[in-house]
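Step one of this worksheet: look at the structure below.
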Amino acid sequence: MAQTELKERTLTPQEVRNILKTDNKEIVELCKKAAIRPRKNEKGYTYFSYDEVKNLRKIQEKMNGGMTNPISKVPATLATTERKSPVSPAIRSILTSLQELEDKLSAKISKVIDEKLEGMDDVVVELIRCKTDNETLKQKIVDLNKEVYQLKNELNSYRPVGLGFYKKKEIYIWE
């Protein structure tokens, strides 16, 4: 009974990271090597079965040559020499000058960009004004087209009677 519960137990990715003492990237690599596809529950959360985690651990041990912690693969001499060696003054001065150069370049670039964008406010205001003028002109065109249509109808209601006289034909409007 306890054996089936253990096999059916699901583990979250956080638990798998803690068990394997690794990050998500390595877990993905391990899943690829073990041909394991993480499943999702009804809520869309990823989970692993206990057996899958056991297989991932075996693959991880094979990859690390029996070691469970991938950080321990770094040679001890390399790790200690990098920590103990102080930064030389020449390198420090080069880094300082590079930092100063970067700051100067940033300041110059931001100044040029500010100068170029300075006139943009006026352009934006002018663009908005032109857009509103354009909209009012469009509305005037619509109004004038309506008036032209009404005048054409009025003109068509007159019929020539002769000698340059015209008679207005009555237009009946059905109500």
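Please note that chains go A, B, ... in the order of the structure tokens, that every chain numbers its residues from 1, and that ligands are numbered from 1 in the order shown.
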
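Taking only C-alpha atoms, the non-local environment of segment 35-38 of chain A within 8 Å (same-chain residues fewer than 5 positions away omitted) comprises Thr46, Tyr47, Phe48 and Glu52 of chain A.
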
Hey, can you spit out that residue selection with C-alpha atoms as an mmCIF file, in the first residue's frame?
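Listing of part-v2.cif after writing:
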data_model
loop_
_atom_site.group_PDB
_atom_site.id
_atom_site.type_symbol
_atom_site.label_atom_id
_atom_site.label_comp_id
_atom_site.auth_asym_id
_atom_site.auth_seq_id
_atom_site.Cartn_x
_atom_site.Cartn_y
_atom_site.Cartn_z
ATOM 1 C CA THR A 46 3.841 20.989 -14.049
ATOM 2 C CA TYR A 47 4.521 17.894 -11.965
ATOM 3 C CA PHE A 48 6.786 14.846 -11.924
ATOM 4 C CA GLU A 52 10.586 9.982 -12.936
#

Return the single residue from A:Arg129, A:Lys169, A:Lys146, A:Arg9 that is closest to Ser49 of chain A, with distances computed using only C-alpha atoms.
->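 The answer is A:Arg9, which sits nearest to Ser49 of chain A.
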